[in-house]
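Colleague: The following file, final-v9.tsv, comprises TSV, C-alpha atoms and all ligand atoms:
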chain	number	residue	atom	x	y	z
Y	1	MET	CA	88.83	117.03	72.96
Y	2	ALA	CA	87.84	118.34	76.39
Y	3	GLY	CA	87.83	116.33	79.60
Y	4	MET	CA	86.92	116.83	83.24
Y	5	ILE	CA	90.07	117.08	85.38
Y	6	THR	CA	90.45	117.47	89.13
Y	7	GLU	CA	94.16	118.27	89.23
Y	8	ILE	CA	97.45	118.19	87.36
Y	9	GLN	CA	100.34	117.42	89.69
Y	10	ARG	CA	103.89	118.05	88.50
Y	11	PHE	CA	107.03	116.38	89.88
Y	12	SER	CA	105.15	113.34	91.22
Y	13	LEU	CA	107.50	110.72	92.62
Y	14	ASN	CA	104.96	108.10	93.79
Y	15	ASP	CA	102.85	107.56	90.67
Y	16	GLY	CA	105.18	105.31	88.71
Y	17	PRO	CA	108.88	105.30	87.80
Y	18	GLY	CA	110.98	108.47	87.71
Y	19	ILE	CA	109.72	112.03	87.77
Y	20	ARG	CA	106.18	112.27	86.49
Y	21	THR	CA	103.29	114.58	85.81
Y	22	THR	CA	100.05	113.08	87.08
Y	23	VAL	CA	96.75	114.07	85.52
Y	24	PHE	CA	93.79	113.24	87.76
Y	25	LEU	CA	90.60	112.67	85.78
Y	26	LYS	CA	87.21	113.16	87.43
Y	27	GLY	CA	84.66	110.35	87.46
Y	28	CYS	CA	84.85	106.74	88.62
Y	29	ASN	CA	82.73	103.64	87.97
Y	30	MET	CA	83.45	102.20	91.42
Y	31	GLU	CA	82.66	103.66	94.83
Y	32	CYS	CA	85.08	102.23	97.39
Y	33	LEU	CA	83.86	103.14	100.86
Y	34	TRP	CA	87.36	104.22	101.95
Y	35	CYS	CA	88.23	106.30	98.85
Y	36	HIS	CA	90.69	109.04	99.91
Y	37	ASN	CA	89.87	111.16	96.86
Y	38	PRO	CA	86.06	111.39	97.16
Y	39	GLU	CA	85.98	114.43	94.89
Y	40	THR	CA	87.10	112.27	91.96
Y	41	ILE	CA	84.10	109.89	92.09
Y	42	SER	CA	81.43	112.13	90.55
Y	43	THR	CA	81.81	113.31	86.96
Y	44	ASN	CA	80.30	116.68	87.93
Y	45	ARG	CA	81.99	119.75	89.35
Y	46	GLU	CA	81.74	119.98	93.14
Y	47	ILE	CA	82.35	122.75	95.67
Y	48	HIS	CA	84.28	122.08	98.90
Y	49	TYR	CA	83.70	124.24	101.94
Y	50	TYR	CA	86.63	124.28	104.38
Y	51	GLU	CA	84.92	126.11	107.24
Y	52	ASN	CA	88.09	126.52	109.32
Y	53	ASN	CA	89.71	128.54	106.53
Y	54	CYS	CA	86.92	131.12	106.39
Y	55	ILE	CA	88.06	134.59	107.46
Y	56	GLY	CA	84.59	136.16	107.21
Y	57	CYS	CA	85.32	138.58	104.39
Y	58	TYR	CA	81.79	138.03	102.91
Y	59	LYS	CA	82.94	138.42	99.31
Y	60	CYS	CA	81.11	135.17	98.54
Y	61	VAL	CA	77.84	136.69	99.77
Y	62	THR	CA	78.23	139.40	97.16
Y	63	VAL	CA	79.02	137.18	94.16
Y	64	CYS	CA	76.83	134.11	94.75
Y	65	PRO	CA	73.91	134.18	92.26
Y	66	SER	CA	71.87	131.64	94.24
Y	67	LYS	CA	72.23	133.12	97.74
Y	68	ALA	CA	74.00	130.02	99.07
Y	69	HIS	CA	76.22	132.26	101.21
Y	70	LYS	CA	74.66	134.43	103.88
Y	71	ARG	CA	75.82	136.75	106.61
Y	72	ILE	CA	73.91	135.64	109.69
Y	73	GLY	CA	74.42	136.88	113.23
Y	74	GLY	CA	77.78	138.43	112.44
Y	75	GLY	CA	79.10	135.23	110.83
Y	76	HIS	CA	79.32	133.50	107.44
Y	77	ARG	CA	76.96	130.58	106.71
Y	78	TYR	CA	77.01	128.36	103.63
Y	79	PHE	CA	73.90	126.50	102.39
Y	80	PRO	CA	75.14	123.79	99.99
Y	81	LYS	CA	71.65	122.78	98.83
Y	82	LEU	CA	71.29	126.18	97.12
Y	83	CYS	CA	74.61	125.92	95.27
Y	84	ILE	CA	74.54	125.62	91.47
Y	85	THR	CA	78.34	125.09	91.30
Y	86	CYS	CA	79.02	128.18	89.22
Y	87	GLY	CA	82.41	128.52	90.95
Y	88	LYS	CA	82.19	132.28	91.52
Y	89	CYS	CA	82.80	132.02	95.29
Y	90	ALA	CA	85.81	129.75	94.77
Y	91	ASP	CA	87.29	132.27	92.33
Y	92	ILE	CA	87.00	135.08	94.84
Y	93	CYS	CA	87.75	133.27	98.13
Y	94	TYR	CA	91.41	134.00	98.77
Y	95	ALA	CA	91.29	132.14	102.10
Y	96	SER	CA	90.67	128.84	100.22
Y	97	ALA	CA	87.52	128.18	102.23
Y	98	MET	CA	85.59	127.61	98.98
Y	99	VAL	CA	87.40	125.32	96.55
Y	100	MET	CA	86.11	123.99	93.24
Y	101	SER	CA	86.85	120.39	92.20
Y	102	GLY	CA	86.59	119.82	88.49
Y	103	MET	CA	87.75	121.85	85.51
Y	104	VAL	CA	87.17	121.28	81.84
Y	105	MET	CA	90.46	121.19	79.92
Y	106	GLU	CA	91.28	120.55	76.28
Y	107	THR	CA	93.92	117.99	75.32
Y	108	GLY	CA	96.18	120.76	74.00
Y	109	ALA	CA	96.13	122.64	77.31
Y	110	ILE	CA	96.84	119.45	79.28
Y	111	MET	CA	99.73	118.62	76.93
Y	112	ARG	CA	101.24	122.06	77.42
Y	113	GLU	CA	101.38	121.37	81.16
Y	114	ILE	CA	102.83	117.89	80.63
Y	115	LEU	CA	105.55	119.03	78.22
Y	116	GLN	CA	106.89	121.66	80.62
Y	117	ASP	CA	108.79	118.89	82.40
Y	118	LYS	CA	109.77	116.80	79.38
Y	119	ALA	CA	113.50	117.14	80.16
Y	120	TYR	CA	112.99	115.61	83.60
Y	121	TYR	CA	111.11	112.59	82.23
Y	122	ALA	CA	113.93	111.64	79.90
Y	123	GLY	CA	116.57	111.87	82.64
Y	124	SER	CA	114.64	109.92	85.26
Y	125	GLY	CA	112.71	107.29	83.32
Y	126	GLY	CA	109.51	109.14	84.15
Y	127	GLY	CA	106.64	110.48	82.07
Y	128	LEU	CA	102.91	111.02	82.31
Y	129	THR	CA	100.63	109.13	84.69
Y	130	ILE	CA	96.90	109.28	84.06
Y	131	SER	CA	95.06	108.70	87.32
Y	132	GLY	CA	91.66	109.47	88.73
Y	133	GLY	CA	88.95	108.88	89.34
Y	134	GLU	CA	89.14	106.22	86.70
Y	135	VAL	CA	91.06	106.67	83.45
Y	136	PHE	CA	88.78	104.39	81.41
Y	137	CYS	CA	85.73	106.53	82.27
Y	138	GLN	CA	87.29	109.12	79.90
Y	139	LEU	CA	88.88	106.78	77.39
Y	140	PRO	CA	88.70	109.10	74.31
Y	141	LEU	CA	90.57	111.84	76.20
Y	142	ALA	CA	93.10	109.37	77.59
Y	143	MET	CA	93.69	108.02	74.08
Y	144	GLU	CA	94.36	111.52	72.74
Y	145	LEU	CA	96.83	112.18	75.55
Y	146	VAL	CA	98.63	108.88	74.96
Y	147	THR	CA	98.82	109.56	71.21
Y	148	ALA	CA	100.12	113.10	71.77
Y	149	CYS	CA	102.67	111.83	74.30
Y	150	GLY	CA	103.75	109.17	71.79
Y	151	ARG	CA	104.60	111.92	69.28
Y	152	GLU	CA	106.74	113.61	71.96
Y	153	ASP	CA	108.44	110.42	73.21
Y	154	VAL	CA	106.85	110.81	76.65
Y	155	PRO	CA	106.05	107.41	78.20
Y	156	VAL	CA	102.60	107.02	79.78
Y	157	ALA	CA	101.43	104.95	82.75
Y	158	VAL	CA	97.90	104.64	84.12
Y	159	GLU	CA	96.37	103.92	87.51
Y	160	THR	CA	93.15	101.97	86.93
Y	161	ASN	CA	90.64	99.70	88.63
Y	162	LEU	CA	90.53	97.51	85.45
Y	163	ALA	CA	86.75	97.16	85.90
Y	164	PHE	CA	85.87	97.40	82.20
Y	165	PRO	CA	85.69	94.82	79.38
Y	166	PHE	CA	89.27	94.11	78.32
Y	167	ASP	CA	88.55	94.63	74.61
Y	168	TYR	CA	87.42	98.18	75.43
Y	169	MET	CA	90.66	98.91	77.33
Y	170	GLN	CA	93.16	97.09	75.14
Y	171	PRO	CA	93.76	99.76	72.44
Y	172	LEU	CA	94.99	102.12	75.17
Y	173	ILE	CA	96.74	99.50	77.30
Y	174	GLN	CA	98.97	98.32	74.49
Y	175	LYS	CA	100.44	101.81	74.11
Y	176	LEU	CA	101.43	102.13	77.78
Y	177	GLN	CA	104.76	102.01	79.61
Y	178	LEU	CA	103.12	100.62	82.75
Y	179	VAL	CA	99.69	99.73	84.19
Y	180	MET	CA	99.14	100.15	87.94
Y	181	CYS	CA	95.94	98.37	88.95
Y	182	ASP	CA	94.20	97.54	92.19
Y	183	LEU	CA	92.98	94.19	93.46
Y	184	LYS	CA	91.43	95.12	96.76
Y	185	LEU	CA	89.68	91.94	97.83
Y	186	MET	CA	89.85	88.39	96.51
Y	187	ASP	CA	86.47	87.47	97.98
Y	188	GLY	CA	83.87	88.44	95.36
Y	189	GLY	CA	81.09	89.10	97.88
Y	190	LEU	CA	83.23	91.40	100.04
Y	191	HIS	CA	84.56	93.19	96.95
Y	192	LYS	CA	81.02	93.91	95.81
Y	193	LYS	CA	80.01	95.01	99.31
Y	194	TYR	CA	82.84	97.51	99.77
Y	195	THR	CA	83.48	98.79	96.24
Y	196	GLY	CA	80.10	98.37	94.55
Y	197	ALA	CA	81.66	96.21	91.81
Y	198	ASP	CA	82.13	92.50	91.16
Y	199	ASN	CA	85.79	91.46	91.09
Y	200	ALA	CA	85.40	88.62	88.57
Y	201	LEU	CA	86.01	90.99	85.65
Y	202	ILE	CA	89.06	92.52	87.37
Y	203	VAL	CA	90.59	89.11	88.12
Y	204	ASP	CA	90.04	88.00	84.52
Y	205	ASN	CA	91.49	91.28	83.23
Y	206	ILE	CA	94.68	90.82	85.26
Y	207	HIS	CA	95.17	87.48	83.47
Y	208	ARG	CA	94.59	89.17	80.11
Y	209	LEU	CA	96.88	92.06	81.02
Y	210	SER	CA	99.61	89.57	81.81
Y	211	ALA	CA	99.08	87.86	78.45
Y	212	CYS	CA	99.31	91.09	76.44
Y	213	GLY	CA	102.89	91.82	77.55
Y	214	VAL	CA	102.54	95.30	79.12
Y	215	PRO	CA	104.40	95.61	82.45
Y	216	PHE	CA	102.04	95.96	85.39
Y	217	ILE	CA	101.90	96.41	89.15
Y	218	VAL	CA	99.03	95.12	91.32
Y	219	ARG	CA	98.23	97.02	94.50
Y	220	THR	CA	96.08	96.45	97.57
Y	221	PRO	CA	95.16	99.35	99.85
Y	222	LEU	CA	95.37	98.08	103.43
Y	223	VAL	CA	92.06	99.07	104.96
Y	224	PRO	CA	92.01	97.96	108.62
Y	225	GLY	CA	89.50	95.19	109.26
Y	226	ILE	CA	88.55	94.87	105.57
Y	227	THR	CA	91.42	94.27	103.14
Y	228	ASP	CA	94.25	93.71	105.64
Y	229	THR	CA	93.35	90.15	106.63
Y	230	GLU	CA	96.02	87.49	106.20
Y	231	GLN	CA	93.60	85.45	104.13
Y	232	ASN	CA	92.97	88.31	101.70
Y	233	ILE	CA	96.65	89.23	101.26
Y	234	SER	CA	97.84	85.64	100.85
Y	235	SER	CA	95.05	84.75	98.40
Y	236	ILE	CA	95.86	87.77	96.22
Y	237	ALA	CA	99.59	86.95	96.32
Y	238	GLU	CA	98.89	83.32	95.38
Y	239	PHE	CA	96.69	84.47	92.50
Y	240	LEU	CA	99.55	86.66	91.20
Y	241	GLN	CA	102.07	83.80	91.37
Y	242	GLY	CA	103.78	83.25	88.03
Y	243	LEU	CA	101.98	85.99	86.08
Y	244	SER	CA	104.36	87.30	83.42
Y	245	GLY	CA	104.73	91.07	83.24
Y	246	LEU	CA	104.05	91.54	86.96
Y	247	GLN	CA	106.70	93.96	88.25
Y	248	TYR	CA	105.69	93.56	91.87
Y	249	TYR	CA	102.74	93.37	94.28
Y	250	GLU	CA	102.39	96.53	96.34
Y	251	LEU	CA	100.71	96.99	99.72
Y	252	LEU	CA	99.54	100.56	100.31
Y	253	ASN	CA	98.94	101.49	103.92
Y	254	PHE	CA	95.59	103.12	104.72
Y	255	ASN	CA	95.54	106.80	103.77
Y	256	PRO	CA	93.42	108.88	106.19
Y	257	LEU	CA	94.00	112.15	104.34
Y	258	GLY	CA	90.60	112.07	102.64
Y	259	ALA	CA	88.76	112.84	105.91
Y	260	SER	CA	88.83	116.63	105.49
Y	261	LYS	CA	87.62	116.27	101.90
Y	262	TYR	CA	84.55	114.27	102.98
Y	263	LYS	CA	83.72	116.95	105.54
Y	264	SER	CA	84.22	119.77	103.03
Y	265	LEU	CA	81.86	118.04	100.56
Y	266	GLY	CA	79.27	117.30	103.26
Y	267	LYS	CA	79.59	113.54	102.58
Y	268	PRO	CA	79.48	110.88	105.31
Y	269	ASN	CA	82.86	109.23	105.98
Y	270	PRO	CA	82.55	105.76	107.53
Y	271	PHE	CA	86.36	105.63	107.96
Y	272	GLN	CA	86.87	108.95	109.67
Y	273	ASP	CA	88.34	107.39	112.83
Y	274	VAL	CA	90.40	104.72	111.06
Y	275	ARG	CA	94.18	105.09	111.21
Y	276	PRO	CA	97.01	103.51	109.15
Y	277	LEU	CA	98.36	100.12	110.24
Y	278	PRO	CA	101.54	100.08	112.34
Y	279	GLU	CA	104.61	99.70	110.11
Y	280	LYS	CA	105.42	96.35	111.78
Y	281	ARG	CA	102.04	94.94	110.68
Y	282	VAL	CA	102.56	96.16	107.12
Y	283	GLN	CA	105.93	94.38	107.07
Y	284	GLU	CA	104.34	91.18	108.43
Y	285	LEU	CA	101.73	91.23	105.66
Y	286	ALA	CA	104.44	91.90	103.07
Y	287	ALA	CA	106.41	88.90	104.35
Y	288	LEU	CA	103.26	86.78	104.16
Y	289	ALA	CA	102.64	87.85	100.56
Y	290	GLY	CA	106.29	87.17	99.74
Y	291	LYS	CA	105.83	83.50	100.68
Y	292	ALA	CA	103.81	83.08	97.47
Y	293	GLY	CA	106.99	83.88	95.53
Y	294	VAL	CA	105.93	87.27	94.16
Y	295	PRO	CA	108.09	90.38	94.63
Y	296	VAL	CA	106.40	92.64	97.22
Y	297	ARG	CA	106.79	96.33	98.03
Y	298	CYS	CA	105.10	98.51	100.64
Y	299	GLU	CA	104.30	102.18	100.69
N	301	LIG	S1	84.79	134.43	100.52
N	301	LIG	FE1	85.70	132.68	101.62
N	301	LIG	S2	86.66	133.57	103.42
N	301	LIG	FE2	85.23	135.10	102.62
N	301	LIG	S3	83.35	134.72	103.79
N	301	LIG	FE3	83.20	133.57	101.88
N	301	LIG	S4	83.95	131.54	102.42
N	301	LIG	FE4	84.61	132.91	104.05
N	302	LIG	S1	79.62	127.86	93.47
N	302	LIG	FE1	78.30	129.56	92.75
N	302	LIG	S2	76.24	128.99	93.40
N	302	LIG	FE2	77.64	127.69	94.55
N	302	LIG	S3	77.96	128.73	96.46
N	302	LIG	FE3	79.62	129.37	95.09
N	302	LIG	S4	78.90	131.25	94.09
N	302	LIG	FE4	77.10	130.25	95.02
As structure tokens - that is how I would like this structure written.
Modeller:
Amino acid sequence: MAGMITEIQRFSLNDGPGIRTTVFLKGCNMECLWCHNPETISTNREIHYYENNCIGCYKCVTVCPSKAHKRIGGGHRYFPKLCITCGKCADICYASAMVMSGMVMETGAIMREILQDKAYYAGSGGGLTISGGEVFCQLPLAMELVTACGREDVPVAVETNLAFPFDYMQPLIQKLQLVMCDLKLMDGGLHKKYTGADNALIVDNIHRLSACGVPFIVRTPLVPGITDTEQNISSIAEFLQGLSGLQYYELLNFNPLGASKYKSLGKPNPFQDVRPLPEKRVQELAALAGKAGVPVRCE
């Protein structure tokens, strides 16, 4: 089976236990306003233009079938509305000014990448992490990967928003080493406003995840002024109190690294001037969450 992938990252150390290979799937059913991987939201291929990398070689002008690249006034100009995402300019642009997000890969080809580091997984307690985008948007592919990894004794974890009916997700979930899921906001109205999705299903799914016995981690990205309020963090921590299978509650400081990606895709970025919280504030919020009696970690 073929799937749409944005990236395969080897030797990941922050996507679950041990040394891991992380496969980033393309396509997500939520649209969080602060997403730091905006290229993983759409299921379609997308072209990034990193203008500062352009060295004016004009090779793209020669290969582009839709005349989206032009030589004007002694300089290179790109017209994204003309682009048909054929990828020819990205293939030829050695300066990495034109970069394609999205490649179609078969399960077998993905597995060949994953198995290159099999020896490291065994020694470190690592394995495969399927991330995104959203893993359950490409469930048949994810299931094939999990089954193939099972045959090779490679444990699999997923990063998911859990915003799907639990019965749809359960056949995959019960084969996993670990589920890493987000609960961004406890207030349903705010969750809908900032992510486009209701959180009632997610909250219910965390209960059901706990009941099915698969270890899990719940994470909250700390978005200044939105998710980092004391009320939000303490209500999530109180909700997690006593849930069996919860390994820990993790607070992830705001990641501003998506800003250049928004610009390269020509998408508006409402968080372009937002910076991570000071470390002291992250520690204060972690201490607050810890009062609910759940183990807390920060990244
Ligand atoms: S191929 Fe790349 S570096 Fe050359 S002109 Fe086009 S965008 Fe610029
Ligand atoms: S992806 Fe294809 S159509 Fe789009 S700008 Fe590049 S060469 Fe032109």
Colleague: Can you work out which one of Y:Ile5, Y:Gln170, Y:Lys118, Y:Pro165 has the shortest atom-to-atom distance to Gly213 in chain Y, counting only C-alpha atoms?
Modeller: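 Looking only at the distances to Gly213 in chain Y, the closest residue turns out to be Y:Gln170.
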Colleague: Give as a PyMOL selection string the residues surrounding ligand LIG 301 (chain N) up to a distance of 10 Å, considering all atoms listed in the file.
Modeller: chain Y and resi 49-64+69-71+75-78+88-99
Colleague: So that all listed atoms of ligand LIG 302 (chain N) fit with 5 Å spare on each side, what axis-aligned box centre and edge lengths in Å, to one decimal, would you give as JSON?
Modeller:
{"center_x": 77.9, "center_y": 129.5, "center_z": 94.6, "size_x": 13.4, "size_y": 13.6, "size_z": 13.7}
Colleague: Could you name the residues that touch Ala200 in chain Y at 10 Å or less, counting only C-alpha atoms, but leaving out those on the same chain fewer than 4 positions away, as a ChimeraX atom specification?
Modeller: /Y:163,186-188,191-192,204-205
Colleague: Give me the residues within 12 Å of Thr160 in chain Y as a PDB file with C-alpha atoms, keeping the file's coordinate frame, counting all atoms listed in the file and dropping any in the same chain fewer than 6 places off.
Modeller:
ATOM      1  CA  ASP Y  15     102.850 107.560  90.670  1.00  0.00           C
ATOM      2  CA  PHE Y  24      93.790 113.240  87.760  1.00  0.00           C
ATOM      3  CA  LEU Y  25      90.600 112.670  85.780  1.00  0.00           C
ATOM      4  CA  GLY Y  27      84.660 110.350  87.460  1.00  0.00           C
ATOM      5  CA  CYS Y  28      84.850 106.740  88.620  1.00  0.00           C
ATOM      6  CA  ASN Y  29      82.730 103.640  87.970  1.00  0.00           C
ATOM      7  CA  MET Y  30      83.450 102.200  91.420  1.00  0.00           C
ATOM      8  CA  THR Y 129     100.630 109.130  84.690  1.00  0.00           C
ATOM      9  CA  ILE Y 130      96.900 109.280  84.060  1.00  0.00           C
ATOM     10  CA  SER Y 131      95.060 108.700  87.320  1.00  0.00           C
ATOM     11  CA  GLY Y 132      91.660 109.470  88.730  1.00  0.00           C
ATOM     12  CA  GLY Y 133      88.950 108.880  89.340  1.00  0.00           C
ATOM     13  CA  GLU Y 134      89.140 106.220  86.700  1.00  0.00           C
ATOM     14  CA  VAL Y 135      91.060 106.670  83.450  1.00  0.00           C
ATOM     15  CA  PHE Y 136      88.780 104.390  81.410  1.00  0.00           C
ATOM     16  CA  CYS Y 137      85.730 106.530  82.270  1.00  0.00           C
ATOM     17  CA  GLN Y 138      87.290 109.120  79.900  1.00  0.00           C
ATOM     18  CA  LEU Y 139      88.880 106.780  77.390  1.00  0.00           C
ATOM     19  CA  ALA Y 142      93.100 109.370  77.590  1.00  0.00           C
ATOM     20  CA  MET Y 169      90.660  98.910  77.330  1.00  0.00           C
ATOM     21  CA  LEU Y 172      94.990 102.120  75.170  1.00  0.00           C
ATOM     22  CA  ILE Y 173      96.740  99.500  77.300  1.00  0.00           C
ATOM     23  CA  LEU Y 178     103.120 100.620  82.750  1.00  0.00           C
ATOM     24  CA  VAL Y 179      99.690  99.730  84.190  1.00  0.00           C
ATOM     25  CA  MET Y 180      99.140 100.150  87.940  1.00  0.00           C
ATOM     26  CA  CYS Y 181      95.940  98.370  88.950  1.00  0.00           C
ATOM     27  CA  ASP Y 182      94.200  97.540  92.190  1.00  0.00           C
ATOM     28  CA  LEU Y 183      92.980  94.190  93.460  1.00  0.00           C
ATOM     29  CA  ILE Y 202      89.060  92.520  87.370  1.00  0.00           C
ATOM     30  CA  ASN Y 205      91.490  91.280  83.230  1.00  0.00           C
ATOM     31  CA  ILE Y 206      94.680  90.820  85.260  1.00  0.00           C
ATOM     32  CA  PHE Y 216     102.040  95.960  85.390  1.00  0.00           C
ATOM     33  CA  ILE Y 217     101.900  96.410  89.150  1.00  0.00           C
ATOM     34  CA  VAL Y 218      99.030  95.120  91.320  1.00  0.00           C
ATOM     35  CA  ARG Y 219      98.230  97.020  94.500  1.00  0.00           C
TER      36      ARG Y 219
END
Colleague: In Å to one decimal, how far is CA of Gln174 in chain Y from CA of Val23 in chain Y?
Modeller: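 These two atoms are separated by 19.4 Å.
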Colleague: Between Y:Leu145, Y:Ile226, Y:Leu201, Y:Ile84, which has the minimum distance to ligand LIG 302 (chain N) (counting all atoms listed in the file)?
Modeller: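 Looking at the shortest contact to ligand LIG 302 (chain N), the residue is Y:Ile84.
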Colleague: Using CA of Asn199 in chain Y and CA of Gly3 in chain Y as the two end points, give the distance in Å to one decimal.
Modeller: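 Here the two named atoms are 27.5 Å from each other.
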Colleague: Here is a test: counting only C-alpha atoms, which residue of Y:Val104, Y:Cys83, Y:Gly73, Y:His36 is nearest to Ser260 in chain Y?
Modeller: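 Checking each of Y:Val104, Y:Cys83, Y:Gly73, Y:His36 against Ser260 in chain Y, counting only C-alpha atoms, the winner is Y:His36.
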Colleague: Name the residues in contact with Gly242 in chain Y at a cut-off of 12 Å, using all atoms listed in the file, excluding same-chain residues fewer than 3 positions from it; report them as number ranges by chain.
Modeller: Y: 207, 210-211, 237-239, 245-249, 292-295
Colleague: Copy range 73-84 of chain Y out of the block into a file, keeping N, CA, C and O atoms, as a PDB file, in the first residue's frame.
Modeller:
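Contents of selection.pdb, as written:
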ATOM      1  N   GLY Y  73      13.707  41.466 -14.592  1.00  0.00           N
ATOM      2  CA  GLY Y  73      14.590  42.553 -14.149  1.00  0.00           C
ATOM      3  C   GLY Y  73      15.885  42.056 -13.541  1.00  0.00           C
ATOM      4  O   GLY Y  73      16.333  42.592 -12.526  1.00  0.00           O
ATOM      5  N   GLY Y  74      16.441  41.004 -14.118  1.00  0.00           N
ATOM      6  CA  GLY Y  74      17.719  40.493 -13.605  1.00  0.00           C
ATOM      7  C   GLY Y  74      17.582  39.696 -12.317  1.00  0.00           C
ATOM      8  O   GLY Y  74      18.572  39.421 -11.645  1.00  0.00           O
ATOM      9  N   GLY Y  75      16.352  39.314 -11.945  1.00  0.00           N
ATOM     10  CA  GLY Y  75      16.169  38.517 -10.725  1.00  0.00           C
ATOM     11  C   GLY Y  75      15.150  37.402 -10.944  1.00  0.00           C
ATOM     12  O   GLY Y  75      14.409  37.399 -11.935  1.00  0.00           O
ATOM     13  N   HIS Y  76      15.133  36.448  -9.992  1.00  0.00           N
ATOM     14  CA  HIS Y  76      14.190  35.331 -10.066  1.00  0.00           C
ATOM     15  C   HIS Y  76      12.891  35.694  -9.366  1.00  0.00           C
ATOM     16  O   HIS Y  76      12.912  36.235  -8.255  1.00  0.00           O
ATOM     17  N   ARG Y  77      11.751  35.407  -9.971  1.00  0.00           N
ATOM     18  CA  ARG Y  77      10.450  35.601  -9.320  1.00  0.00           C
ATOM     19  C   ARG Y  77       9.646  34.309  -9.424  1.00  0.00           C
ATOM     20  O   ARG Y  77       9.677  33.616 -10.447  1.00  0.00           O
ATOM     21  N   TYR Y  78       8.960  33.988  -8.339  1.00  0.00           N
ATOM     22  CA  TYR Y  78       8.142  32.771  -8.293  1.00  0.00           C
ATOM     23  C   TYR Y  78       6.668  33.171  -8.147  1.00  0.00           C
ATOM     24  O   TYR Y  78       6.326  34.008  -7.300  1.00  0.00           O
ATOM     25  N   PHE Y  79       5.802  32.558  -8.950  1.00  0.00           N
ATOM     26  CA  PHE Y  79       4.364  32.864  -8.940  1.00  0.00           C
ATOM     27  C   PHE Y  79       3.596  31.598  -8.516  1.00  0.00           C
ATOM     28  O   PHE Y  79       3.241  30.765  -9.360  1.00  0.00           O
ATOM     29  N   PRO Y  80       3.368  31.450  -7.202  1.00  0.00           N
ATOM     30  CA  PRO Y  80       2.814  30.192  -6.686  1.00  0.00           C
ATOM     31  C   PRO Y  80       1.456  29.825  -7.267  1.00  0.00           C
ATOM     32  O   PRO Y  80       1.134  28.642  -7.373  1.00  0.00           O
ATOM     33  N   LYS Y  81       0.660  30.821  -7.666  1.00  0.00           N
ATOM     34  CA  LYS Y  81      -0.680  30.497  -8.183  1.00  0.00           C
ATOM     35  C   LYS Y  81      -0.603  29.713  -9.489  1.00  0.00           C
ATOM     36  O   LYS Y  81      -1.559  29.032  -9.870  1.00  0.00           O
ATOM     37  N   LEU Y  82       0.519  29.788 -10.194  1.00  0.00           N
ATOM     38  CA  LEU Y  82       0.659  29.047 -11.461  1.00  0.00           C
ATOM     39  C   LEU Y  82       1.167  27.626 -11.258  1.00  0.00           C
ATOM     40  O   LEU Y  82       1.167  26.818 -12.178  1.00  0.00           O
ATOM     41  N   CYS Y  83       1.634  27.333 -10.047  1.00  0.00           N
ATOM     42  CA  CYS Y  83       2.299  26.045  -9.784  1.00  0.00           C
ATOM     43  C   CYS Y  83       1.310  24.873  -9.831  1.00  0.00           C
ATOM     44  O   CYS Y  83       0.217  24.970  -9.289  1.00  0.00           O
ATOM     45  N   ILE Y  84       1.711  23.791 -10.487  1.00  0.00           N
ATOM     46  CA  ILE Y  84       0.879  22.574 -10.509  1.00  0.00           C
ATOM     47  C   ILE Y  84       1.547  21.458  -9.694  1.00  0.00           C
ATOM     48  O   ILE Y  84       1.224  20.282  -9.840  1.00  0.00           O
TER      49      ILE Y  84
END
